[in-house]
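First comes the structure, then the notes that go with it.
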2 protein chains.
Amino acid sequence: MKFSCTQENLNRALNRVSKTTKKDANLPVLGNILFEVKENKLKLSATDLEIGVEGFVFGKAEKEGTITIPSDLITSYISSLPNSNVVLELSKKTLNVKCGSFKGSIRGIDASEFPIIPKVKREISLKINSTDLVHAFSQVILASAVDESRPEICGVFFNLEKNNLTLAATDSYCLAEKKIKLGKRVKIESRSVIIPTKTIQELIRVAQDTVSDVEISLSDSQVVFSFDGFILSSRLVEGKYPDYGAIIPSSSKTEVLLKKEDFLNIIKVVSLFSKGSASDILFNIDAKKKKMLISAQTAQVGENESRIKLDKIKGKNNKISFNYRYVLDGLSVIDNDEILFGITSEAAPGIFRGTEDDSYVYIIMPIQK
Amino acid sequence: MKFSCTQENLNRALNRVSKTTKKDANLPVLGNILFEVKENKLKLSATDLEIGVEGFVFGKAEKEGTITIPSDLITSYISSLPNSNVVLELSKKTLNVKCGSFKGSIRGIDASEFPIIPKVKREISLKINSTDLVHAFSQVILASAVDESRPEICGVFFNLEKNNLTLAATDSYCLAEKKIKLGKRVKIESRSVIIPTKTIQELIRVAQDTVSDVEISLSDSQVVFSFDGFILSSRLVEGKYPDYGAIIPSSSKTEVLLKKEDFLNIIKVVSLFSKGSASDILFNIDAKKKKMLISAQTAQVGENESRIKLDKIKGKNNKISFNYRYVLDGLSVIDNDEILFGITSEAAPGIFRGTEDDSYVYIIMPIQK
């Protein structure tokens, strides 16, 4: 194997595949990246046995060949090299790297030990602008669960109906839902699947630096994201996603409009006094006096209260307690400067959404005392 | 106790004293800051029983009084408040804080439980510009030891001789020495003491944001740094500092001049291949070919080599191995863009200094195989 390319291209491809590796004492090859040189292309592959990634680097292939190389070392090494031409040459199981005044040799593991990443039968396929997709996934992923006893909620619900895509996630304490209108007319069947949270995290990480469209292909058990010479494939989560629709309130007894930044800052300050397991803060709306008191208290520590003047309010007096972390999470992914906050009762879910965006909604279950 | 002041002043003073506290289940008051209102001043004190700090805030005192308040909570709380007037008012053992739309109450511990910070008899006193002092301490502190079996090197050697101040630190693998000419004629006796590393770290942290002179006072067992309404006092380290002078080479058999940034970058890249306990990299100078090879290798991982062309070289062929971390540390605190690197033999200490600065020298002991 002998291949040369620019440091920049190799570095970008390595950064995309390098995290999908696994430290496994029984199967050390999972910590490696598979290098395959064929037809003027270098193909890089990595897998943790749940997710598989493949990236391509264009360059000059003088000799075909394959080897696997430790991901951490090759990735840090290539990223530290000057932006110049890199020559990779295999000598037995050692990969020799030359670039500028640097000469490195890295011991590898034979490619035959690398697991085969299964090819996916692509039954359904659609394309979405990468920025829109990354943004939409980022808005919902924060609500997904990490509770391994309920695998069906440890992922993002991905629901296609004609030209409408709905993404949702919940950990049963909060819920986020995002609707996307698919602009491009693609022939799409209706289909709903659950994509593992880790797969979405990887996709967000690598798709952040592209402007291409992302092609999403689905089979019964797998999903594939491809863009820009990069392929990420993953198993789907088995099981039925909870029917969450009934949780989203269609209207609220009390609705206020708030400046997002001011509201966020107040919650951060008040939450300093919310210690321990519940982490709750109380929102108390006085409709007549047009103000909201936000307060927290912990015995032995102290208490804290702040007052917001409400210019825009509809409905009656109301109050509700939330875990403040859920509020901070939700507010951080709503894009609008002004947000709508709706309460129905101390026992019913509260709702947050941007005042200029119907596509996203964030729900929090109250803490009842 | 009732006191009002600006959020900005209170925040600055809290940040200066807040870190000198100690989480101690047996003596929880050490995690608190002592608040004392007297004569239109609020005095804040904190101690971990080795270091004591005092800061003053000017404002309006309506009622004198004292209380101790948990450091973490009051510091985060005040720093999050808007830049407005803050009113502190004690009610039994609870400190009530009002600022803008915020009202907080924090439970405290009675001031009588707070340890007394001893007053220091100031025998010798000198003044140094804070920027110069912080810079000088930062250049040497990185070499101080953390080995508790040899307390005398777990500090910075502080040696006054007439108008010359010498600071030094060593962990017996590397050594840093800085000389300062005291411009201001102060009546100073000769005296040498060892200041604990932690005290210097605290001083660097708090003195970074001042432009005032720092007054340093010494007694037999204590040192006091004062500036800008802030006082830091600390015990000194007992014992005799090693007589390190003989380790500093007066000349080297081989001397090269190097661009600091290039040299740093190369060491970072080469060191990726230096794994395990020794962490050594080899510097091999070819005087005739005017080049230096820098290399590292670890069996099972691989090896790496880079070449530097030497424009300025004096002396003979030479080579030496260092733990690369010491080299990175030393280079990072040398201010000059060009550095002098001197080697005498594989077994003798190597020397680094800036080409335009005689006041600082950094020595590394070689790794011999």
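Note on naming: chains are A, B, ... as they come in the structure tokens, residues start from 1 per chain, ligands start from 1 in the order shown.
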- [ ] Provide as an MDAnalysis selection string the residues of chain A at most 6 Å from chain B, counting only C-alpha atoms.
- [x] chainID A and resid 80 101:107 269 301:307
Just to be explicit: take each residue in the selection above, keep C-alpha atoms, and write the result as a PDB file, in the first residue's frame.
ATOM      1  CA  SER A  80      -0.468  17.872  14.208  1.00  0.00           C
ATOM      2  CA  SER A 101      10.312  17.243   7.990  1.00  0.00           C
ATOM      3  CA  PHE A 102       8.417  14.503   9.867  1.00  0.00           C
ATOM      4  CA  LYS A 103       8.838  10.762   9.484  1.00  0.00           C
ATOM      5  CA  GLY A 104       6.627   8.461  11.558  1.00  0.00           C
ATOM      6  CA  SER A 105       6.114   4.701  11.751  1.00  0.00           C
ATOM      7  CA  ILE A 106       3.017   3.250  13.360  1.00  0.00           C
ATOM      8  CA  ARG A 107       2.450  -0.439  14.094  1.00  0.00           C
ATOM      9  CA  VAL A 269     -29.416  32.565  39.509  1.00  0.00           C
ATOM     10  CA  VAL A 301     -28.858  26.395  52.611  1.00  0.00           C
ATOM     11  CA  GLY A 302     -31.322  29.209  52.071  1.00  0.00           C
ATOM     12  CA  GLU A 303     -33.806  30.531  49.574  1.00  0.00           C
ATOM     13  CA  ASN A 304     -33.956  32.875  46.649  1.00  0.00           C
ATOM     14  CA  GLU A 305     -36.661  34.625  44.712  1.00  0.00           C
ATOM     15  CA  SER A 306     -36.810  36.787  41.625  1.00  0.00           C
ATOM     16  CA  ARG A 307     -39.617  38.756  40.071  1.00  0.00           C
TER      17      ARG A 307
END
Residues flagged strand (DSSP E) by DSSP in region 225-305 of chain B, as an mmCIF file with C-alpha atoms, in the first residue's frame:
data_model
loop_
_atom_site.group_PDB
_atom_site.id
_atom_site.type_symbol
_atom_site.label_atom_id
_atom_site.label_comp_id
_atom_site.auth_asym_id
_atom_site.auth_seq_id
_atom_site.Cartn_x
_atom_site.Cartn_y
_atom_site.Cartn_z
ATOM 1 C CA PHE B 225 1.450 39.854 50.444
ATOM 2 C CA SER B 226 -0.697 42.986 50.424
ATOM 3 C CA PHE B 227 -2.088 45.070 47.587
ATOM 4 C CA PHE B 230 -6.244 42.618 49.891
ATOM 5 C CA ILE B 231 -3.986 40.701 52.290
ATOM 6 C CA LEU B 232 -2.686 37.151 51.821
ATOM 7 C CA SER B 233 -0.692 35.654 54.693
ATOM 8 C CA SER B 234 0.898 32.230 54.826
ATOM 9 C CA ARG B 235 3.262 30.128 56.866
ATOM 10 C CA THR B 254 27.060 22.665 22.173
ATOM 11 C CA GLU B 255 24.755 25.659 21.839
ATOM 12 C CA VAL B 256 22.017 26.210 19.277
ATOM 13 C CA LEU B 257 19.534 29.026 18.742
ATOM 14 C CA LEU B 258 15.969 28.005 17.868
ATOM 15 C CA LYS B 259 12.679 29.672 16.979
ATOM 16 C CA ASP B 280 11.621 10.642 26.734
ATOM 17 C CA ILE B 281 12.516 12.164 23.412
ATOM 18 C CA LEU B 282 16.009 12.322 21.938
ATOM 19 C CA PHE B 283 17.701 15.494 20.680
ATOM 20 C CA ASN B 284 20.595 14.689 18.356
ATOM 21 C CA ILE B 285 22.685 17.595 17.045
ATOM 22 C CA ASP B 286 24.899 17.221 13.992
ATOM 23 C CA LYS B 291 20.758 19.974 11.815
ATOM 24 C CA MET B 292 19.034 18.524 14.854
ATOM 25 C CA LEU B 293 16.997 15.314 14.768
ATOM 26 C CA ILE B 294 14.244 15.078 17.377
ATOM 27 C CA SER B 295 12.833 11.581 17.826
ATOM 28 C CA ALA B 296 10.731 9.360 20.039
ATOM 29 C CA GLN B 297 9.807 5.713 19.949
ATOM 30 C CA THR B 298 7.758 3.215 21.905
ATOM 31 C CA GLY B 302 5.866 3.109 16.606
ATOM 32 C CA GLU B 303 8.402 5.847 16.189
ATOM 33 C CA ASN B 304 8.633 9.379 14.917
ATOM 34 C CA GLU B 305 11.401 11.729 13.897
#
Open item on the list: Among region 218-338 of chain B, which ones does DSSP assign to alpha helix (DSSP H) (computed from the backbone)? Answer as a VMD selection string.
Closed with: chain B and resid 260 to 271 324 to 333
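For the atom pair formed by CA of Arg122 (chain B) and CA of Arg191 (chain B), the distance is 13.3 Å, given to one decimal.
Here CA of Asn163 (chain A) stands at a distance of 16.1 Å from CA of Val214 (chain A).
Neighbouring residues of Gly350 (chain B) at 6 Å or closer, counting only C-alpha atoms and skipping chain neighbours under 4 positions away, are Gly342, Ile343, Ile363 and Ile364 of chain B.
Here CA of Val333 (chain A) stands at a distance of 12.1 Å from CA of Val134 (chain A).
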Open item on the list: Please list as a ChimeraX atom specification every residue within 10 Å of Arg205 (chain A), counting only C-alpha atoms and excluding residues in the same chain fewer than 2 positions away.
Closed with: /A:15-16,19,134,199-203,207-209
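Take the candidates B:Thr20, B:Ser130, B:Ser4, B:Ser45 and check each one against Lys63 (chain B) using only C-alpha atoms; the shortest distance goes to B:Ser4.
Each of B:Glu113, B:Gly315, B:Asn9, B:Lys253 was compared to Ser345 (chain B) using only C-alpha atoms, and B:Lys253 turns out to be the nearest.
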